[in-house]
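Shown next, in structure tokens, is the structure this report addresses.
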There are 2 protein chains.
Amino acid sequence: MSWTQQLGLKWPILQAPMAGAQGVAMAAAVSNAGGLGAIPSALLSSEELDEALREFRRATSGASPAPVNVNFFTHVNPPEDSAAQARWRKALAPYYAEFDVEPPTTAGAGRNPFDAVSCKVLERHRPEVVSFHFGLPEAALLERVKAWGALVLSSATTVEEAVWLEAHGADVIIAQGLEAGGHRGMFLTQDITTQVGTLALLPQVVDAVSVPVIAAGGICNPRAVAAALALGASAVQCGTAFLCCPESLISDLHREKLTSEQAQHTALTNLHTGRPSRGIMNRLMRELGPMSALPPAFPQAGGALAALRSAAEAIGSTDFTPLWSGQDASGCRRVPAAEQLRWLAEAL
Amino acid sequence: MSWTQQLGLKWPILQAPMAGAQGVAMAAAVSNAGGLGAIPSALLSSEELDEALREFRRATSGASPAPVNVNFFTHVNPPEDSAAQARWRKALAPYYAEFDVEPPTTAGAGRNPFDAVSCKVLERHRPEVVSFHFGLPEAALLERVKAWGALVLSSATTVEEAVWLEAHGADVIIAQGLEAGGHRGMFLTQDITTQVGTLALLPQVVDAVSVPVIAAGGICNPRAVAAALALGASAVQCGTAFLCCPESLISDLHREKLTSEQAQHTALTNLHTGRPSRGIMNRLMRELGPMSALPPAFPQAGGALAALRSAAEAIGSTDFTPLWSGQDASGCRRVPAAEQLRWLAEAL
């Protein structure tokens, strides 16, 4: 029996955790329909996480309770760097002037890494799957997660990272090809030339580790799902494919871009958060270059953009909006997540 | 009957043309074994091309004569730019000093684009397939190629390029995912953020054009071949997979790198020729950055490196050698090309 069958999944399809773009509604819809839904925690306080898990359990308490994947980032928040913030605001000064907004005075909301407090919340709800991005938490915390029997997932973007994750306790490895939208899970290097397409990464990771491998990145239609499984993946993880579902929290502007030809040109950019993540090209990326030395360290880049983003969006512009997307958005359909899941599973 | 069956291929597998890395021996071995071998012409004079085609026909004149794919670049050679050459040599000056070599005084050998002279050679031999990289030749030349019934192939690296190629007369389009080794076929832009992984590019190209599509990039084992066909490709093109065959002309140093862990880290670089092409990271790429404003326009970057490359290789170093490779070299086996072809076809 495979691990996805043990979890009770009908199909080996995971909905990728997408902080800011979805919450419990999508996770529950996918899990109830036979996939594995995910709750992204990076933007949640521990109280919000607790409430999200309570809500998920309520929403999936049918005849056969559905499993959940709770996702965390494992970065270390750097100290505030006022020099870096000043440099960043200076680079953005022409935009502040153009949109007539006040430069912010603080770094703004960041991203929360997994810690003892979040672990305590998890211990109350015992999620079946816990996944990490940017490596794994420290050993003591990881042990606590494993103590209630949770399956531990983490993303590898290179063969080297896959081998590292297996050695450090990941039960299943997500091979994240460079087609993937949002943050790259890369953690042994920040050199984006190391990033590999899914078709090339997946077979090499499958050969390099003995744990099961999930394919992620560019999987946005039934044929890609079937192809990834044929390449040796034991499951697939799809994110972009769910972004236009009604359960998604993204703006109408973002939805429109995803279903336009502009979605054919994405890039890895560190402008929006400080770490490389993939989104549809916007004006900021075009004018500063998508990978830049200007933004401060993750996750402190976004604060300086918040007011600009709001001002631009208010007039219908996504010039400063992170338009997260993988390299194939052609399967984005405006149908309920459960229906999208069944469509993705069509060729299985 | 599919176009590959009409050509008499046993399997829908093309050996990618790799200028400098292979010639008639590999092309004939692959075609005789039931794939489609390729003769790359970019580094050949018209006399050498004529001789190569004569040789190919001799080597494949068995019971059922085998087809051939002759490949050309379609760039326009820029005028010599002595300022750019001076800038480039200045950037390389520390290396000239370190290896005690004289900076070259000319730009050195370039690459030859398809022209009326090469077309005349082709008209004598009437190759079954003619493929182009960097777009298509001018309409009048393309018409001459089609006049003897040749099938015309060209590479698209984006949906936009695929649509352009179909509109301008390509009979079959190669969807070249960014995993591919060697030169990117990109021609509508030189912005490498536009480049898409095979798994994401292929289904989008298949949907966008009505001509058959060949998958290329990161296809280096039997499962990847089968997966690409399942994704809607009518054939696959493999290059890296053939680089360690005895018919390959690459150096022992290059072979060793391909079968080492270092092959896991390739990058697109314009340092070796002036255009983005993928190779295993070497010292030059690490120290100057793989994509750089320093080298002169394609194809005039290589001349300044030739003496450095020779001096380094003489002491067993690939510091300045273009180590062409796709993002998956794990299927490089030191077996005859015919055997490698049969292996790649194993899952069909």
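Chain labels A, B, ... are given in the sequence in which chains occur in the structure tokens; within each chain residues are numbered consecutively from 1, and ligands are likewise numbered from 1 in the order shown.
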Just list the residues in region 131-341 of chain B DSSP gives alpha helix (DSSP H) on the backbone, as a PDB file with N, CA and C atoms, in the first residue's frame.
```
ATOM      1  N   ALA B 139      12.434  33.513 -46.860  1.00  0.00           N
ATOM      2  CA  ALA B 139      11.391  32.747 -47.544  1.00  0.00           C
ATOM      3  C   ALA B 139      11.865  32.070 -48.837  1.00  0.00           C
ATOM      4  N   ALA B 140      12.660  32.779 -49.637  1.00  0.00           N
ATOM      5  CA  ALA B 140      13.084  32.221 -50.928  1.00  0.00           C
ATOM      6  C   ALA B 140      13.942  30.971 -50.714  1.00  0.00           C
ATOM      7  N   LEU B 141      14.826  31.030 -49.732  1.00  0.00           N
ATOM      8  CA  LEU B 141      15.670  29.866 -49.441  1.00  0.00           C
ATOM      9  C   LEU B 141      14.837  28.723 -48.885  1.00  0.00           C
ATOM     10  N   LEU B 142      13.887  29.059 -48.027  1.00  0.00           N
ATOM     11  CA  LEU B 142      13.048  28.023 -47.426  1.00  0.00           C
ATOM     12  C   LEU B 142      12.257  27.298 -48.516  1.00  0.00           C
ATOM     13  N   GLU B 143      11.808  28.056 -49.507  1.00  0.00           N
ATOM     14  CA  GLU B 143      11.052  27.468 -50.604  1.00  0.00           C
ATOM     15  C   GLU B 143      11.916  26.473 -51.381  1.00  0.00           C
ATOM     16  N   ARG B 144      13.169  26.842 -51.586  1.00  0.00           N
ATOM     17  CA  ARG B 144      14.066  25.918 -52.296  1.00  0.00           C
ATOM     18  C   ARG B 144      14.221  24.616 -51.512  1.00  0.00           C
ATOM     19  N   VAL B 145      14.306  24.723 -50.190  1.00  0.00           N
ATOM     20  CA  VAL B 145      14.452  23.516 -49.361  1.00  0.00           C
ATOM     21  C   VAL B 145      13.216  22.637 -49.486  1.00  0.00           C
ATOM     22  N   LYS B 146      12.057  23.298 -49.497  1.00  0.00           N
ATOM     23  CA  LYS B 146      10.818  22.524 -49.569  1.00  0.00           C
ATOM     24  C   LYS B 146      10.605  21.911 -50.950  1.00  0.00           C
ATOM     25  N   ALA B 147      11.285  22.488 -51.955  1.00  0.00           N
ATOM     26  CA  ALA B 147      11.055  22.078 -53.341  1.00  0.00           C
ATOM     27  C   ALA B 147      11.381  20.606 -53.579  1.00  0.00           C
ATOM     28  N   VAL B 159       5.793  29.661 -26.501  1.00  0.00           N
ATOM     29  CA  VAL B 159       4.578  29.480 -27.298  1.00  0.00           C
ATOM     30  C   VAL B 159       4.589  30.466 -28.471  1.00  0.00           C
ATOM     31  N   GLU B 160       5.015  31.688 -28.188  1.00  0.00           N
ATOM     32  CA  GLU B 160       5.055  32.728 -29.222  1.00  0.00           C
ATOM     33  C   GLU B 160       5.951  32.302 -30.396  1.00  0.00           C
ATOM     34  N   GLU B 161       7.097  31.735 -30.096  1.00  0.00           N
ATOM     35  CA  GLU B 161       7.986  31.284 -31.170  1.00  0.00           C
ATOM     36  C   GLU B 161       7.370  30.125 -31.950  1.00  0.00           C
ATOM     37  N   ALA B 162       6.659  29.253 -31.256  1.00  0.00           N
ATOM     38  CA  ALA B 162       6.024  28.128 -31.947  1.00  0.00           C
ATOM     39  C   ALA B 162       4.986  28.632 -32.944  1.00  0.00           C
ATOM     40  N   VAL B 163       4.190  29.583 -32.512  1.00  0.00           N
ATOM     41  CA  VAL B 163       3.163  30.154 -33.386  1.00  0.00           C
ATOM     42  C   VAL B 163       3.828  30.844 -34.584  1.00  0.00           C
ATOM     43  N   TRP B 164       4.902  31.557 -34.328  1.00  0.00           N
ATOM     44  CA  TRP B 164       5.649  32.238 -35.396  1.00  0.00           C
ATOM     45  C   TRP B 164       6.183  31.219 -36.413  1.00  0.00           C
ATOM     46  N   LEU B 165       6.776  30.145 -35.905  1.00  0.00           N
ATOM     47  CA  LEU B 165       7.368  29.146 -36.805  1.00  0.00           C
ATOM     48  C   LEU B 165       6.311  28.482 -37.683  1.00  0.00           C
ATOM     49  N   GLU B 166       5.162  28.172 -37.082  1.00  0.00           N
ATOM     50  CA  GLU B 166       4.100  27.561 -37.879  1.00  0.00           C
ATOM     51  C   GLU B 166       3.661  28.526 -38.982  1.00  0.00           C
ATOM     52  N   ALA B 167       3.501  29.794 -38.615  1.00  0.00           N
ATOM     53  CA  ALA B 167       3.048  30.791 -39.592  1.00  0.00           C
ATOM     54  C   ALA B 167       4.067  30.997 -40.705  1.00  0.00           C
ATOM     55  N   THR B 198      10.505  21.885 -20.103  1.00  0.00           N
ATOM     56  CA  THR B 198       9.843  21.031 -21.096  1.00  0.00           C
ATOM     57  C   THR B 198       8.441  20.605 -20.675  1.00  0.00           C
ATOM     58  N   LEU B 199       8.300  20.231 -19.409  1.00  0.00           N
ATOM     59  CA  LEU B 199       7.004  19.736 -18.931  1.00  0.00           C
ATOM     60  C   LEU B 199       5.923  20.811 -19.043  1.00  0.00           C
ATOM     61  N   ALA B 200       6.317  22.064 -18.904  1.00  0.00           N
ATOM     62  CA  ALA B 200       5.355  23.171 -19.001  1.00  0.00           C
ATOM     63  C   ALA B 200       5.215  23.665 -20.448  1.00  0.00           C
ATOM     64  N   LEU B 201       6.325  23.645 -21.188  1.00  0.00           N
ATOM     65  CA  LEU B 201       6.308  24.175 -22.562  1.00  0.00           C
ATOM     66  C   LEU B 201       5.540  23.270 -23.522  1.00  0.00           C
ATOM     67  N   LEU B 202       5.810  21.986 -23.425  1.00  0.00           N
ATOM     68  CA  LEU B 202       5.295  21.039 -24.409  1.00  0.00           C
ATOM     69  C   LEU B 202       3.769  21.064 -24.555  1.00  0.00           C
ATOM     70  N   PRO B 203       3.008  20.907 -23.447  1.00  0.00           N
ATOM     71  CA  PRO B 203       1.545  20.903 -23.628  1.00  0.00           C
ATOM     72  C   PRO B 203       1.019  22.219 -24.185  1.00  0.00           C
ATOM     73  N   GLN B 204       1.661  23.328 -23.824  1.00  0.00           N
ATOM     74  CA  GLN B 204       1.197  24.633 -24.305  1.00  0.00           C
ATOM     75  C   GLN B 204       1.482  24.792 -25.801  1.00  0.00           C
ATOM     76  N   VAL B 205       2.620  24.283 -26.255  1.00  0.00           N
ATOM     77  CA  VAL B 205       2.939  24.351 -27.682  1.00  0.00           C
ATOM     78  C   VAL B 205       2.008  23.422 -28.465  1.00  0.00           C
ATOM     79  N   VAL B 206       1.800  22.235 -27.937  1.00  0.00           N
ATOM     80  CA  VAL B 206       0.899  21.286 -28.605  1.00  0.00           C
ATOM     81  C   VAL B 206      -0.488  21.904 -28.792  1.00  0.00           C
ATOM     82  N   ASP B 207      -0.948  22.639 -27.788  1.00  0.00           N
ATOM     83  CA  ASP B 207      -2.261  23.282 -27.888  1.00  0.00           C
ATOM     84  C   ASP B 207      -2.259  24.460 -28.863  1.00  0.00           C
ATOM     85  N   ALA B 208      -1.102  25.117 -29.009  1.00  0.00           N
ATOM     86  CA  ALA B 208      -1.069  26.384 -29.758  1.00  0.00           C
ATOM     87  C   ALA B 208      -0.885  26.211 -31.260  1.00  0.00           C
ATOM     88  N   PRO B 222      14.688   6.217 -20.839  1.00  0.00           N
ATOM     89  CA  PRO B 222      13.495   5.657 -21.491  1.00  0.00           C
ATOM     90  C   PRO B 222      12.186   6.209 -20.938  1.00  0.00           C
ATOM     91  N   ARG B 223      12.133   6.433 -19.622  1.00  0.00           N
ATOM     92  CA  ARG B 223      10.890   6.931 -19.043  1.00  0.00           C
ATOM     93  C   ARG B 223      10.583   8.354 -19.490  1.00  0.00           C
ATOM     94  N   ALA B 224      11.628   9.166 -19.631  1.00  0.00           N
ATOM     95  CA  ALA B 224      11.407  10.544 -20.094  1.00  0.00           C
ATOM     96  C   ALA B 224      10.928  10.550 -21.541  1.00  0.00           C
ATOM     97  N   VAL B 225      11.460   9.638 -22.345  1.00  0.00           N
ATOM     98  CA  VAL B 225      10.999   9.508 -23.735  1.00  0.00           C
ATOM     99  C   VAL B 225       9.507   9.187 -23.753  1.00  0.00           C
ATOM    100  N   ALA B 226       9.113   8.195 -22.977  1.00  0.00           N
ATOM    101  CA  ALA B 226       7.705   7.795 -22.942  1.00  0.00           C
ATOM    102  C   ALA B 226       6.824   8.915 -22.395  1.00  0.00           C
ATOM    103  N   ALA B 227       7.326   9.608 -21.377  1.00  0.00           N
ATOM    104  CA  ALA B 227       6.534  10.687 -20.774  1.00  0.00           C
ATOM    105  C   ALA B 227       6.297  11.817 -21.773  1.00  0.00           C
ATOM    106  N   ALA B 228       7.330  12.161 -22.539  1.00  0.00           N
ATOM    107  CA  ALA B 228       7.196  13.250 -23.512  1.00  0.00           C
ATOM    108  C   ALA B 228       6.157  12.889 -24.570  1.00  0.00           C
ATOM    109  N   LEU B 229       6.153  11.641 -24.997  1.00  0.00           N
ATOM    110  CA  LEU B 229       5.155  11.223 -25.984  1.00  0.00           C
ATOM    111  C   LEU B 229       3.753  11.253 -25.362  1.00  0.00           C
ATOM    112  N   ALA B 230       3.660  10.843 -24.086  1.00  0.00           N
ATOM    113  CA  ALA B 230       2.364  10.881 -23.407  1.00  0.00           C
ATOM    114  C   ALA B 230       1.854  12.309 -23.265  1.00  0.00           C
ATOM    115  N   ASP B 252      37.860  13.478 -23.765  1.00  0.00           N
ATOM    116  CA  ASP B 252      37.749  12.632 -22.575  1.00  0.00           C
ATOM    117  C   ASP B 252      37.415  13.472 -21.350  1.00  0.00           C
ATOM    118  N   LEU B 253      37.980  14.675 -21.295  1.00  0.00           N
ATOM    119  CA  LEU B 253      37.692  15.562 -20.163  1.00  0.00           C
ATOM    120  C   LEU B 253      36.197  15.863 -20.084  1.00  0.00           C
ATOM    121  N   HIS B 254      35.600  16.136 -21.228  1.00  0.00           N
ATOM    122  CA  HIS B 254      34.162  16.429 -21.284  1.00  0.00           C
ATOM    123  C   HIS B 254      33.357  15.190 -20.869  1.00  0.00           C
ATOM    124  N   ARG B 255      33.755  14.031 -21.380  1.00  0.00           N
ATOM    125  CA  ARG B 255      33.064  12.784 -21.011  1.00  0.00           C
ATOM    126  C   ARG B 255      33.094  12.559 -19.504  1.00  0.00           C
ATOM    127  N   GLU B 256      34.262  12.813 -18.915  1.00  0.00           N
ATOM    128  CA  GLU B 256      34.384  12.599 -17.465  1.00  0.00           C
ATOM    129  C   GLU B 256      33.447  13.513 -16.683  1.00  0.00           C
ATOM    130  N   LYS B 257      33.349  14.756 -17.120  1.00  0.00           N
ATOM    131  CA  LYS B 257      32.453  15.693 -16.424  1.00  0.00           C
ATOM    132  C   LYS B 257      31.001  15.235 -16.537  1.00  0.00           C
ATOM    133  N   LEU B 258      30.626  14.755 -17.730  1.00  0.00           N
ATOM    134  CA  LEU B 258      29.236  14.338 -17.954  1.00  0.00           C
ATOM    135  C   LEU B 258      28.831  13.184 -17.051  1.00  0.00           C
ATOM    136  N   ARG B 283      35.052  27.129 -14.555  1.00  0.00           N
ATOM    137  CA  ARG B 283      35.627  28.257 -13.822  1.00  0.00           C
ATOM    138  C   ARG B 283      35.252  29.601 -14.461  1.00  0.00           C
ATOM    139  N   LEU B 284      35.321  29.672 -15.787  1.00  0.00           N
ATOM    140  CA  LEU B 284      34.997  30.917 -16.481  1.00  0.00           C
ATOM    141  C   LEU B 284      33.586  31.383 -16.130  1.00  0.00           C
ATOM    142  N   MET B 285      32.624  30.448 -16.164  1.00  0.00           N
ATOM    143  CA  MET B 285      31.232  30.782 -15.859  1.00  0.00           C
ATOM    144  C   MET B 285      31.077  31.222 -14.406  1.00  0.00           C
ATOM    145  N   ARG B 286      31.781  30.529 -13.511  1.00  0.00           N
ATOM    146  CA  ARG B 286      31.685  30.891 -12.091  1.00  0.00           C
ATOM    147  C   ARG B 286      32.255  32.281 -11.842  1.00  0.00           C
ATOM    148  N   GLU B 287      33.412  32.569 -12.469  1.00  0.00           N
ATOM    149  CA  GLU B 287      34.108  33.808 -12.131  1.00  0.00           C
ATOM    150  C   GLU B 287      33.548  35.037 -12.845  1.00  0.00           C
ATOM    151  N   LEU B 288      33.070  34.893 -14.080  1.00  0.00           N
ATOM    152  CA  LEU B 288      32.505  36.053 -14.787  1.00  0.00           C
ATOM    153  C   LEU B 288      30.981  36.116 -14.666  1.00  0.00           C
ATOM    154  N   GLY B 303      36.516  32.964 -30.220  1.00  0.00           N
ATOM    155  CA  GLY B 303      37.889  33.102 -30.687  1.00  0.00           C
ATOM    156  C   GLY B 303      38.853  33.497 -29.579  1.00  0.00           C
ATOM    157  N   ALA B 304      38.419  34.442 -28.753  1.00  0.00           N
ATOM    158  CA  ALA B 304      39.292  34.950 -27.690  1.00  0.00           C
ATOM    159  C   ALA B 304      39.583  33.892 -26.635  1.00  0.00           C
ATOM    160  N   LEU B 305      38.771  32.838 -26.624  1.00  0.00           N
ATOM    161  CA  LEU B 305      38.942  31.794 -25.606  1.00  0.00           C
ATOM    162  C   LEU B 305      39.753  30.602 -26.103  1.00  0.00           C
ATOM    163  N   ALA B 306      39.938  30.508 -27.427  1.00  0.00           N
ATOM    164  CA  ALA B 306      40.483  29.275 -28.006  1.00  0.00           C
ATOM    165  C   ALA B 306      41.843  28.899 -27.421  1.00  0.00           C
ATOM    166  N   ALA B 307      42.762  29.867 -27.364  1.00  0.00           N
ATOM    167  CA  ALA B 307      44.104  29.553 -26.872  1.00  0.00           C
ATOM    168  C   ALA B 307      44.083  29.216 -25.377  1.00  0.00           C
ATOM    169  N   LEU B 308      43.245  29.930 -24.639  1.00  0.00           N
ATOM    170  CA  LEU B 308      43.108  29.652 -23.202  1.00  0.00           C
ATOM    171  C   LEU B 308      42.605  28.235 -22.976  1.00  0.00           C
ATOM    172  N   ARG B 309      41.585  27.901 -23.767  1.00  0.00           N
ATOM    173  CA  ARG B 309      40.986  26.574 -23.656  1.00  0.00           C
ATOM    174  C   ARG B 309      42.032  25.495 -23.918  1.00  0.00           C
ATOM    175  N   SER B 310      42.814  25.683 -24.993  1.00  0.00           N
ATOM    176  CA  SER B 310      43.845  24.691 -25.334  1.00  0.00           C
ATOM    177  C   SER B 310      44.879  24.566 -24.225  1.00  0.00           C
ATOM    178  N   ALA B 311      45.337  25.720 -23.729  1.00  0.00           N
ATOM    179  CA  ALA B 311      46.360  25.697 -22.682  1.00  0.00           C
ATOM    180  C   ALA B 311      45.837  24.988 -21.435  1.00  0.00           C
ATOM    181  N   ALA B 312      44.603  25.270 -21.083  1.00  0.00           N
ATOM    182  CA  ALA B 312      44.031  24.642 -19.882  1.00  0.00           C
ATOM    183  C   ALA B 312      43.819  23.150 -20.107  1.00  0.00           C
ATOM    184  N   GLU B 313      43.258  22.793 -21.270  1.00  0.00           N
ATOM    185  CA  GLU B 313      43.003  21.371 -21.522  1.00  0.00           C
ATOM    186  C   GLU B 313      44.304  20.576 -21.529  1.00  0.00           C
ATOM    187  N   ALA B 314      45.396  21.222 -21.984  1.00  0.00           N
ATOM    188  CA  ALA B 314      46.693  20.529 -22.031  1.00  0.00           C
ATOM    189  C   ALA B 314      47.142  20.082 -20.641  1.00  0.00           C
ATOM    190  N   ALA B 337      26.034   4.357 -30.219  1.00  0.00           N
ATOM    191  CA  ALA B 337      24.826   5.169 -30.390  1.00  0.00           C
ATOM    192  C   ALA B 337      23.613   4.300 -30.714  1.00  0.00           C
ATOM    193  N   ALA B 338      23.807   3.238 -31.491  1.00  0.00           N
ATOM    194  CA  ALA B 338      22.680   2.373 -31.848  1.00  0.00           C
ATOM    195  C   ALA B 338      22.106   1.706 -30.601  1.00  0.00           C
ATOM    196  N   GLU B 339      22.997   1.285 -29.711  1.00  0.00           N
ATOM    197  CA  GLU B 339      22.545   0.643 -28.477  1.00  0.00           C
ATOM    198  C   GLU B 339      21.853   1.669 -27.570  1.00  0.00           C
ATOM    199  N   GLN B 340      22.409   2.873 -27.518  1.00  0.00           N
ATOM    200  CA  GLN B 340      21.802   3.933 -26.706  1.00  0.00           C
ATOM    201  C   GLN B 340      20.401   4.255 -27.233  1.00  0.00           C
ATOM    202  N   LEU B 341      20.268   4.296 -28.549  1.00  0.00           N
ATOM    203  CA  LEU B 341      18.959   4.555 -29.160  1.00  0.00           C
ATOM    204  C   LEU B 341      17.953   3.480 -28.749  1.00  0.00           C
TER     205      LEU B 341
END
```
Exercise for the section: Would you please extract all strand (DSSP E) residues from region 84-329 of chain B, as assigned by DSSP on the backbone, and give them as an NGL selection string? Expected result: :B and (129-133 or 151-156 or 172-176 or 182-183 or 213-216 or 235-238 or 266-269 or 277-280)
Handout entry: All residues 9 Å or closer to Thr4 (chain A), only C-alpha atoms, same chain fewer than 5 positions away omitted, as number ranges by chain
Key = A: 9-13, 36, 234-235
Save the residues we just selected, N, CA and C atoms, as a compact mmCIF listing (two decimals), in the first residue's frame?
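Saved result, selection-v5.txt, follows:
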```
# COMPACT_ATOMS: atom_id res chain seq x y z
N LEU A 9 -6.09 8.80 0.44
CA LEU A 9 -6.33 9.62 -0.75
C LEU A 9 -6.91 8.76 -1.87
N LYS A 10 -7.81 9.35 -2.63
CA LYS A 10 -8.38 8.66 -3.78
C LYS A 10 -7.41 8.73 -4.95
N TRP A 11 -6.72 9.87 -5.07
CA TRP A 11 -5.72 10.06 -6.12
C TRP A 11 -4.44 10.62 -5.50
N PRO A 12 -3.30 10.31 -6.05
CA PRO A 12 -2.04 10.82 -5.50
C PRO A 12 -1.78 12.26 -5.94
N ILE A 13 -2.68 13.14 -5.58
CA ILE A 13 -2.57 14.55 -5.98
C ILE A 13 -2.64 15.45 -4.76
N LEU A 36 -5.10 15.72 -1.42
CA LEU A 36 -4.59 16.18 -0.13
C LEU A 36 -4.52 17.70 -0.14
N SER A 234 5.62 9.32 -6.94
CA SER A 234 4.55 8.55 -6.31
C SER A 234 3.32 9.42 -6.12
N ALA A 235 3.47 10.71 -6.35
CA ALA A 235 2.35 11.64 -6.30
C ALA A 235 2.78 12.92 -7.00
```
